[in-house]
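This is coords.cif (mmCIF, C-alpha atoms).
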```cif
data_data
loop_
_atom_site.group_PDB
_atom_site.id
_atom_site.type_symbol
_atom_site.label_atom_id
_atom_site.label_comp_id
_atom_site.auth_asym_id
_atom_site.auth_seq_id
_atom_site.Cartn_x
_atom_site.Cartn_y
_atom_site.Cartn_z
ATOM 1 C CA LEU A 679 -188.150 158.997 -13.075
ATOM 2 C CA ILE A 680 -191.307 159.138 -10.997
ATOM 3 C CA LYS A 681 -192.334 156.668 -8.346
ATOM 4 C CA ASP A 682 -195.674 156.528 -6.645
ATOM 5 C CA TYR A 683 -196.137 155.024 -3.200
ATOM 6 C CA ASP A 684 -199.473 154.157 -1.648
ATOM 7 C CA GLY A 685 -200.183 156.713 1.015
ATOM 8 C CA GLY A 686 -196.873 158.432 0.369
ATOM 9 C CA THR A 687 -195.539 161.546 -1.350
ATOM 10 C CA MET A 688 -194.537 161.463 -4.985
ATOM 11 C CA MET A 689 -190.783 161.674 -5.561
ATOM 12 C CA GLU A 690 -188.800 162.888 -8.548
ATOM 13 C CA CYS A 691 -185.209 162.264 -9.578
ATOM 14 C CA TYR A 692 -183.755 164.486 -12.308
ATOM 15 C CA VAL A 693 -181.175 162.938 -14.647
ATOM 16 C CA HIS A 694 -178.870 165.732 -15.866
ATOM 17 C CA PRO A 695 -178.387 165.377 -19.629
ATOM 18 C CA SER A 696 -174.775 166.636 -19.613
ATOM 19 C CA ILE A 697 -173.518 164.076 -17.048
ATOM 20 C CA SER A 698 -172.518 160.598 -18.170
ATOM 21 C CA PHE A 699 -173.568 158.670 -15.103
ATOM 22 C CA THR A 700 -172.010 155.468 -16.423
ATOM 23 C CA ARG A 701 -168.567 157.158 -16.332
ATOM 24 C CA ILE A 702 -168.735 158.610 -12.814
ATOM 25 C CA PRO A 703 -165.854 156.444 -11.461
ATOM 26 C CA GLU A 704 -163.609 157.618 -14.312
ATOM 27 C CA MET A 705 -164.627 161.256 -13.809
ATOM 28 C CA LEU A 706 -163.885 161.110 -10.078
ATOM 29 C CA ALA A 707 -160.526 159.462 -10.726
ATOM 30 C CA ALA A 708 -159.601 162.204 -13.212
ATOM 31 C CA GLN A 709 -160.639 164.935 -10.787
ATOM 32 C CA ARG A 710 -158.646 163.316 -7.990
ATOM 33 C CA LYS A 711 -155.582 163.054 -10.237
ATOM 34 C CA PHE A 712 -155.839 166.727 -11.193
ATOM 35 C CA ILE A 713 -156.269 167.904 -7.580
ATOM 36 C CA LEU A 714 -153.286 165.840 -6.401
ATOM 37 C CA SER A 715 -151.146 167.228 -9.209
ATOM 38 C CA ARG A 716 -151.992 170.784 -8.123
ATOM 39 C CA ILE A 717 -151.230 169.953 -4.495
ATOM 40 C CA ARG A 718 -147.794 168.610 -5.454
ATOM 41 C CA LEU A 719 -146.907 171.988 -6.978
ATOM 42 C CA LYS A 720 -147.218 173.567 -3.513
ATOM 43 C CA ALA A 721 -146.631 170.757 -1.031
ATOM 44 C CA ASN A 722 -143.292 169.557 0.317
ATOM 45 C CA SER A 723 -144.735 166.364 1.758
ATOM 46 C CA THR A 724 -143.936 164.087 -1.207
ATOM 47 C CA ARG A 725 -140.248 163.723 -0.318
ATOM 48 C CA VAL A 726 -139.363 160.363 1.246
ATOM 49 C CA TYR A 727 -136.950 160.517 4.193
ATOM 50 C CA ASP A 728 -134.685 157.785 5.511
ATOM 51 C CA PRO A 729 -136.023 155.742 8.456
ATOM 52 C CA LEU A 730 -135.257 157.100 11.893
ATOM 53 C CA PRO A 731 -132.108 155.641 13.437
ATOM 54 C CA GLN A 732 -132.546 153.069 16.167
ATOM 55 C CA GLY A 733 -132.857 154.744 19.548
ATOM 56 C CA PHE A 734 -133.834 158.100 17.999
ATOM 57 C CA ASN A 735 -133.575 160.594 20.861
ATOM 58 C CA PRO A 736 -133.727 164.275 19.834
ATOM 59 C CA ASN A 737 -132.317 167.037 22.023
ATOM 60 C CA LEU A 738 -135.243 168.419 24.020
ATOM 61 C CA GLU A 739 -133.228 170.751 26.230
ATOM 62 C CA GLY A 740 -135.301 173.723 27.314
ATOM 63 C CA VAL A 741 -138.598 172.089 26.329
ATOM 64 C CA SER A 742 -141.235 171.904 29.054
ATOM 65 C CA ARG A 743 -142.576 168.510 30.040
ATOM 66 C CA ALA A 744 -146.011 169.443 28.704
ATOM 67 C CA ASN A 745 -144.532 170.048 25.225
ATOM 68 C CA GLU A 746 -142.174 167.053 25.077
ATOM 69 C CA THR A 747 -144.400 164.828 22.925
ATOM 70 C CA ALA A 748 -144.999 167.518 20.310
ATOM 71 C CA ALA A 749 -141.345 168.631 20.356
ATOM 72 C CA ARG A 750 -140.164 165.040 19.847
ATOM 73 C CA ALA A 751 -142.455 164.702 16.835
ATOM 74 C CA MET A 752 -141.292 168.054 15.408
ATOM 75 C CA ALA A 753 -137.690 166.808 15.549
ATOM 76 C CA ILE A 754 -138.501 164.046 13.023
ATOM 77 C CA PRO A 755 -137.060 164.989 9.601
ATOM 78 C CA GLY A 756 -139.736 166.199 7.229
ATOM 79 C CA MET A 757 -142.255 167.377 9.817
ATOM 80 C CA VAL A 758 -141.447 171.067 9.384
ATOM 81 C CA GLU A 759 -141.156 170.709 5.604
ATOM 82 C CA ALA A 760 -144.603 169.098 5.522
ATOM 83 C CA GLY A 761 -146.049 172.204 7.172
ATOM 84 C CA TRP A 762 -146.589 170.903 10.701
ATOM 85 C CA THR A 763 -146.263 173.285 13.647
ATOM 86 C CA MET A 764 -146.032 172.784 17.401
ATOM 87 C CA ALA A 765 -149.581 174.088 17.743
ATOM 88 C CA ASP A 766 -150.852 171.533 15.205
ATOM 89 C CA LEU A 767 -149.188 168.645 16.999
ATOM 90 C CA MET A 768 -150.268 169.742 20.441
ATOM 91 C CA SER A 769 -153.826 169.986 19.203
ATOM 92 C CA ALA A 770 -153.596 166.557 17.544
ATOM 93 C CA THR A 771 -152.263 164.923 20.713
ATOM 94 C CA GLY A 772 -154.834 166.578 22.949
ATOM 95 C CA GLN A 773 -152.254 168.784 24.678
ATOM 96 C CA GLY A 774 -153.635 171.891 22.976
ATOM 97 C CA LYS A 775 -157.086 171.151 24.363
ATOM 98 C CA ASP A 776 -155.646 170.715 27.853
ATOM 99 C CA ILE A 777 -153.813 174.038 27.583
ATOM 100 C CA ASP A 778 -156.932 175.811 26.265
ATOM 101 C CA ARG A 779 -158.958 174.282 29.091
ATOM 102 C CA ALA A 780 -156.436 175.540 31.664
ATOM 103 C CA LYS A 781 -156.399 179.032 30.090
ATOM 104 C CA ASN A 782 -160.197 179.212 30.121
ATOM 105 C CA ALA A 783 -160.308 178.107 33.749
ATOM 106 C CA LEU A 784 -157.747 180.766 34.722
ATOM 107 C CA ARG A 785 -159.626 183.451 32.747
ATOM 108 C CA SER A 786 -162.913 182.551 34.436
ATOM 109 C CA GLU A 787 -161.315 182.620 37.891
ATOM 110 C CA MET A 788 -159.689 186.014 37.281
ATOM 111 C CA LEU A 789 -162.927 187.508 35.913
ATOM 112 C CA SER A 790 -164.699 186.242 39.016
ATOM 113 C CA ILE A 791 -162.116 187.988 41.211
ATOM 114 C CA VAL A 792 -162.537 191.268 39.327
ATOM 115 C CA ARG A 793 -166.335 191.047 39.603
ATOM 116 C CA LYS A 794 -166.062 190.491 43.350
ATOM 117 C CA VAL A 795 -163.830 193.556 43.672
ATOM 118 C CA GLU A 796 -166.177 195.694 41.563
ATOM 119 C CA GLU A 797 -169.120 194.754 43.797
ATOM 120 C CA GLN A 798 -167.492 196.213 46.912
ATOM 121 C CA GLN A 799 -168.598 199.671 48.076
ATOM 122 C CA PHE A 800 -165.007 200.899 48.311
ATOM 123 C CA ALA A 801 -164.287 199.968 44.667
ATOM 124 C CA TRP A 802 -165.988 203.011 43.125
ATOM 125 C CA PRO A 803 -162.753 205.060 42.592
ATOM 126 C CA PHE A 804 -161.181 202.178 40.696
ATOM 127 C CA ARG A 805 -163.904 201.097 38.279
ATOM 128 C CA GLU A 806 -162.918 203.420 35.409
ATOM 129 C CA PRO A 807 -159.675 205.151 34.317
ATOM 130 C CA VAL A 808 -158.862 208.486 35.902
ATOM 131 C CA ASP A 809 -160.092 211.278 33.626
ATOM 132 C CA THR A 810 -156.835 213.032 32.781
ATOM 133 C CA THR A 811 -158.697 215.905 31.124
ATOM 134 C CA GLU A 812 -159.897 216.859 34.601
ATOM 135 C CA VAL A 813 -156.948 215.610 36.642
ATOM 136 C CA LYS A 814 -154.319 217.164 34.423
ATOM 137 C CA ASP A 815 -151.212 216.310 36.474
ATOM 138 C CA TYR A 816 -152.175 212.683 37.067
ATOM 139 C CA LEU A 817 -149.833 211.201 34.443
ATOM 140 C CA GLU A 818 -146.970 213.331 35.743
ATOM 141 C CA VAL A 819 -147.230 211.493 39.069
ATOM 142 C CA ILE A 820 -148.544 208.097 37.995
ATOM 143 C CA LYS A 821 -146.433 206.419 35.306
ATOM 144 C CA GLU A 822 -148.436 203.180 35.061
ATOM 145 C CA PRO A 823 -152.144 204.001 35.357
ATOM 146 C CA ILE A 824 -154.459 201.043 35.865
ATOM 147 C CA ASP A 825 -158.117 200.493 36.743
ATOM 148 C CA LEU A 826 -160.659 197.683 36.950
ATOM 149 C CA SER A 827 -162.115 198.200 33.478
ATOM 150 C CA THR A 828 -158.634 198.014 31.937
ATOM 151 C CA ILE A 829 -157.861 194.875 33.926
ATOM 152 C CA ASP A 830 -161.152 193.328 32.785
ATOM 153 C CA LYS A 831 -160.288 194.048 29.137
ATOM 154 C CA ARG A 832 -156.823 192.538 29.563
ATOM 155 C CA ILE A 833 -158.309 189.344 30.985
ATOM 156 C CA ARG A 834 -160.872 189.031 28.208
ATOM 157 C CA LYS A 835 -158.243 189.667 25.549
ATOM 158 C CA GLY A 836 -156.695 186.394 26.601
ATOM 159 C CA ASP A 837 -152.941 186.271 27.079
ATOM 160 C CA HIS A 838 -151.941 189.283 29.164
ATOM 161 C CA TYR A 839 -152.170 187.544 32.538
ATOM 162 C CA LYS A 840 -150.342 184.232 32.730
ATOM 163 C CA SER A 841 -151.203 183.670 36.396
ATOM 164 C CA LYS A 842 -153.271 184.980 39.293
ATOM 165 C CA GLN A 843 -150.084 186.498 40.701
ATOM 166 C CA MET A 844 -149.852 188.793 37.675
ATOM 167 C CA LEU A 845 -153.447 189.880 38.267
ATOM 168 C CA PHE A 846 -152.686 190.522 41.928
ATOM 169 C CA ALA A 847 -149.692 192.663 40.910
ATOM 170 C CA ASP A 848 -151.921 194.904 38.750
ATOM 171 C CA LEU A 849 -154.559 195.205 41.473
ATOM 172 C CA MET A 850 -151.879 196.212 43.981
ATOM 173 C CA LEU A 851 -150.472 198.681 41.432
ATOM 174 C CA MET A 852 -153.936 200.227 41.347
ATOM 175 C CA VAL A 853 -153.938 200.482 45.166
ATOM 176 C CA ASN A 854 -150.444 201.980 45.286
ATOM 177 C CA ASN A 855 -151.215 204.493 42.512
ATOM 178 C CA CYS A 856 -154.147 205.738 44.550
ATOM 179 C CA LYS A 857 -152.054 206.081 47.685
ATOM 180 C CA LEU A 858 -149.278 207.831 45.806
ATOM 181 C CA TYR A 859 -151.434 210.478 44.125
ATOM 182 C CA ASN A 860 -153.961 211.288 46.855
ATOM 183 C CA GLU A 861 -153.637 212.805 50.321
ATOM 184 C CA PRO A 862 -153.324 210.189 53.107
ATOM 185 C CA ALA A 863 -156.506 211.397 54.844
ATOM 186 C CA SER A 864 -158.586 211.426 51.651
ATOM 187 C CA THR A 865 -161.558 209.167 50.938
ATOM 188 C CA TYR A 866 -159.652 207.742 47.992
ATOM 189 C CA VAL A 867 -156.813 206.463 50.170
ATOM 190 C CA GLN A 868 -159.323 205.014 52.631
ATOM 191 C CA CYS A 869 -160.885 203.093 49.741
ATOM 192 C CA ALA A 870 -157.434 201.935 48.661
ATOM 193 C CA ALA A 871 -156.700 200.649 52.161
ATOM 194 C CA SER A 872 -160.000 198.771 52.240
ATOM 195 C CA LEU A 873 -159.293 197.305 48.823
ATOM 196 C CA GLU A 874 -155.814 196.198 49.861
ATOM 197 C CA LYS A 875 -157.254 194.441 52.908
ATOM 198 C CA TYR A 876 -159.946 192.781 50.780
ATOM 199 C CA LEU A 877 -157.397 191.542 48.232
ATOM 200 C CA GLY A 878 -155.695 189.716 51.058
ATOM 201 C CA THR A 879 -158.821 187.573 51.448
ATOM 202 C CA LEU A 880 -159.012 186.802 47.710
ATOM 203 C CA PHE A 881 -155.360 185.868 47.187
ATOM 204 C CA ILE A 882 -154.488 183.536 50.044
#
```
Is it possible to express this structure as structure tokens?
Amino acid sequence: LIKDYDGGTMMECYVHPSISFTRIPEMLAAQRKFILSRIRLKANSTRVYDPLPQGFNPNLEGVSRANETAARAMAIPGMVEAGWTMADLMSATGQGKDIDRAKNALRSEMLSIVRKVEEQQFAWPFREPVDTTEVKDYLEVIKEPIDLSTIDKRIRKGDHYKSKQMLFADLMLMVNNCKLYNEPASTYVQCAASLEKYLGTLFI
């Protein structure tokens, strides 16, 4: 089928010889029926449950206020059998987006803190892990080694730090490790003291 338009581009429509275009509604109906039959072999969502009793009030003990809506929905008979999860429901109600937004904001704030620490002149001993091939007794003294690059990786990984307080605890562990291993009059301990003082300005 060719159409010609004045001042336009010629167009072509190909009619496939093996397709009965007059039976398209029937073909689509048959395909839909087949797909639904295959779904029923796997799905548990075809079971019909009794209506919820009047005043339906599931036990939400131990559920945080932020998760109440999703938990209430999950308590409805058939929700679990139909394949729903708390994460699905929280995402559907917008709660998941709020949680993701809060996590991203916390991650950005913690990365900003680490960058500020790394930029300080006294941060040079803490930027990378202690080379235990050179400092052979380090792990005998320090049981929980930590450094800025490790902290950065933990933040970027996503779920290690649940709060700024947890980040502060690791930064102070880094300070205390330095003080524990090195001589009090050493440059390293002086850097640790400066870092400790600086952290006080970041975590008020």
Hits from the PyMOL selection byres ((chain A and resi 826) around 6), listed as a ChimeraX atom specification: /A:804-805,825,827-829
Explicit residues for the PyMOL selection byres ((chain A and resi 738) around 12) (as a PyMOL selection string): chain A and resi 735-737+739-753
Write the residues of the selection above to a file with C-alpha atoms, as a CSV table (one decimal), keeping the file's coordinate frame.
```csv
chain,number,residue,atom,x,y,z
A,735,ASN,CA,-133.6,160.6,20.9
A,736,PRO,CA,-133.7,164.3,19.8
A,737,ASN,CA,-132.3,167.0,22.0
A,739,GLU,CA,-133.2,170.8,26.2
A,740,GLY,CA,-135.3,173.7,27.3
A,741,VAL,CA,-138.6,172.1,26.3
A,742,SER,CA,-141.2,171.9,29.1
A,743,ARG,CA,-142.6,168.5,30.0
A,744,ALA,CA,-146.0,169.4,28.7
A,745,ASN,CA,-144.5,170.0,25.2
A,746,GLU,CA,-142.2,167.1,25.1
A,747,THR,CA,-144.4,164.8,22.9
A,748,ALA,CA,-145.0,167.5,20.3
A,749,ALA,CA,-141.3,168.6,20.4
A,750,ARG,CA,-140.2,165.0,19.8
A,751,ALA,CA,-142.5,164.7,16.8
A,752,MET,CA,-141.3,168.1,15.4
A,753,ALA,CA,-137.7,166.8,15.5
```
For atom CA of A:Arg832 and atom CA of A:Lys794, the interatomic separation in Å (one decimal):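 If I compute the distance from atom CA of A:Arg832 to atom CA of A:Lys794, I get 16.7 Å.
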Hits from the PyMOL selection byres ((chain A and resi 782) around 12), listed as a PyMOL selection string: chain A and resi 775-781+783-789+833-837+839-841
Output of the above residues as a PDB file, in the coordinates of the input, restricted to C-alpha atoms:
```
ATOM      1  CA  LYS A 775    -157.086 171.151  24.363  1.00  0.00           C
ATOM      2  CA  ASP A 776    -155.646 170.715  27.853  1.00  0.00           C
ATOM      3  CA  ILE A 777    -153.813 174.038  27.583  1.00  0.00           C
ATOM      4  CA  ASP A 778    -156.932 175.811  26.265  1.00  0.00           C
ATOM      5  CA  ARG A 779    -158.958 174.282  29.091  1.00  0.00           C
ATOM      6  CA  ALA A 780    -156.436 175.540  31.664  1.00  0.00           C
ATOM      7  CA  LYS A 781    -156.399 179.032  30.090  1.00  0.00           C
ATOM      8  CA  ALA A 783    -160.308 178.107  33.749  1.00  0.00           C
ATOM      9  CA  LEU A 784    -157.747 180.766  34.722  1.00  0.00           C
ATOM     10  CA  ARG A 785    -159.626 183.451  32.747  1.00  0.00           C
ATOM     11  CA  SER A 786    -162.913 182.551  34.436  1.00  0.00           C
ATOM     12  CA  GLU A 787    -161.315 182.620  37.891  1.00  0.00           C
ATOM     13  CA  MET A 788    -159.689 186.014  37.281  1.00  0.00           C
ATOM     14  CA  LEU A 789    -162.927 187.508  35.913  1.00  0.00           C
ATOM     15  CA  ILE A 833    -158.309 189.344  30.985  1.00  0.00           C
ATOM     16  CA  ARG A 834    -160.872 189.031  28.208  1.00  0.00           C
ATOM     17  CA  LYS A 835    -158.243 189.667  25.549  1.00  0.00           C
ATOM     18  CA  GLY A 836    -156.695 186.394  26.601  1.00  0.00           C
ATOM     19  CA  ASP A 837    -152.941 186.271  27.079  1.00  0.00           C
ATOM     20  CA  TYR A 839    -152.170 187.544  32.538  1.00  0.00           C
ATOM     21  CA  LYS A 840    -150.342 184.232  32.730  1.00  0.00           C
ATOM     22  CA  SER A 841    -151.203 183.670  36.396  1.00  0.00           C
TER      23      SER A 841
END
```
d(atom CA of A:Met844, atom CA of A:Ile791) in Å: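 It comes out at 12.8 Å.
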Scan for residues within 12 Å of the point (-153.1, 205.8, 45.2) in the coordinates of the file, using all atoms listed in the file, and reply as a PDB file with C-alpha atoms, keeping the file's coordinate frame.
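Written file, out-v4.pdb:
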```
ATOM      1  CA  PRO A 803    -162.753 205.060  42.592  1.00  0.00           C
ATOM      2  CA  PHE A 804    -161.181 202.178  40.696  1.00  0.00           C
ATOM      3  CA  VAL A 808    -158.862 208.486  35.902  1.00  0.00           C
ATOM      4  CA  TYR A 816    -152.175 212.683  37.067  1.00  0.00           C
ATOM      5  CA  VAL A 819    -147.230 211.493  39.069  1.00  0.00           C
ATOM      6  CA  ILE A 820    -148.544 208.097  37.995  1.00  0.00           C
ATOM      7  CA  LYS A 821    -146.433 206.419  35.306  1.00  0.00           C
ATOM      8  CA  GLU A 822    -148.436 203.180  35.061  1.00  0.00           C
ATOM      9  CA  PRO A 823    -152.144 204.001  35.357  1.00  0.00           C
ATOM     10  CA  ILE A 824    -154.459 201.043  35.865  1.00  0.00           C
ATOM     11  CA  ASP A 825    -158.117 200.493  36.743  1.00  0.00           C
ATOM     12  CA  LEU A 849    -154.559 195.205  41.473  1.00  0.00           C
ATOM     13  CA  MET A 850    -151.879 196.212  43.981  1.00  0.00           C
ATOM     14  CA  LEU A 851    -150.472 198.681  41.432  1.00  0.00           C
ATOM     15  CA  MET A 852    -153.936 200.227  41.347  1.00  0.00           C
ATOM     16  CA  VAL A 853    -153.938 200.482  45.166  1.00  0.00           C
ATOM     17  CA  ASN A 854    -150.444 201.980  45.286  1.00  0.00           C
ATOM     18  CA  ASN A 855    -151.215 204.493  42.512  1.00  0.00           C
ATOM     19  CA  CYS A 856    -154.147 205.738  44.550  1.00  0.00           C
ATOM     20  CA  LYS A 857    -152.054 206.081  47.685  1.00  0.00           C
ATOM     21  CA  LEU A 858    -149.278 207.831  45.806  1.00  0.00           C
ATOM     22  CA  TYR A 859    -151.434 210.478  44.125  1.00  0.00           C
ATOM     23  CA  ASN A 860    -153.961 211.288  46.855  1.00  0.00           C
ATOM     24  CA  GLU A 861    -153.637 212.805  50.321  1.00  0.00           C
ATOM     25  CA  PRO A 862    -153.324 210.189  53.107  1.00  0.00           C
ATOM     26  CA  ALA A 863    -156.506 211.397  54.844  1.00  0.00           C
ATOM     27  CA  SER A 864    -158.586 211.426  51.651  1.00  0.00           C
ATOM     28  CA  THR A 865    -161.558 209.167  50.938  1.00  0.00           C
ATOM     29  CA  TYR A 866    -159.652 207.742  47.992  1.00  0.00           C
ATOM     30  CA  VAL A 867    -156.813 206.463  50.170  1.00  0.00           C
ATOM     31  CA  GLN A 868    -159.323 205.014  52.631  1.00  0.00           C
ATOM     32  CA  CYS A 869    -160.885 203.093  49.741  1.00  0.00           C
ATOM     33  CA  ALA A 870    -157.434 201.935  48.661  1.00  0.00           C
ATOM     34  CA  ALA A 871    -156.700 200.649  52.161  1.00  0.00           C
ATOM     35  CA  LEU A 873    -159.293 197.305  48.823  1.00  0.00           C
ATOM     36  CA  GLU A 874    -155.814 196.198  49.861  1.00  0.00           C
TER      37      GLU A 874
END
```
Between atom CA of A:Pro755 and atom CA of A:Arg710 - distance in Å to one decimal: 27.9 Å
Expected residue set, 7 Å radius at (-135.3, 163.6, 3.1), all atoms listed in the file, as a list of chain:residue names: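 Looking at atoms near the point gives A:Arg725, A:Val726, A:Tyr727, A:Asp728, A:Pro755, A:Gly756.
Of the listed residues (A:Ala801, A:Gly761, A:Ser790, A:Lys814), A:Ser790 comes nearest to A:Lys842; the distances count all atoms listed in the file.
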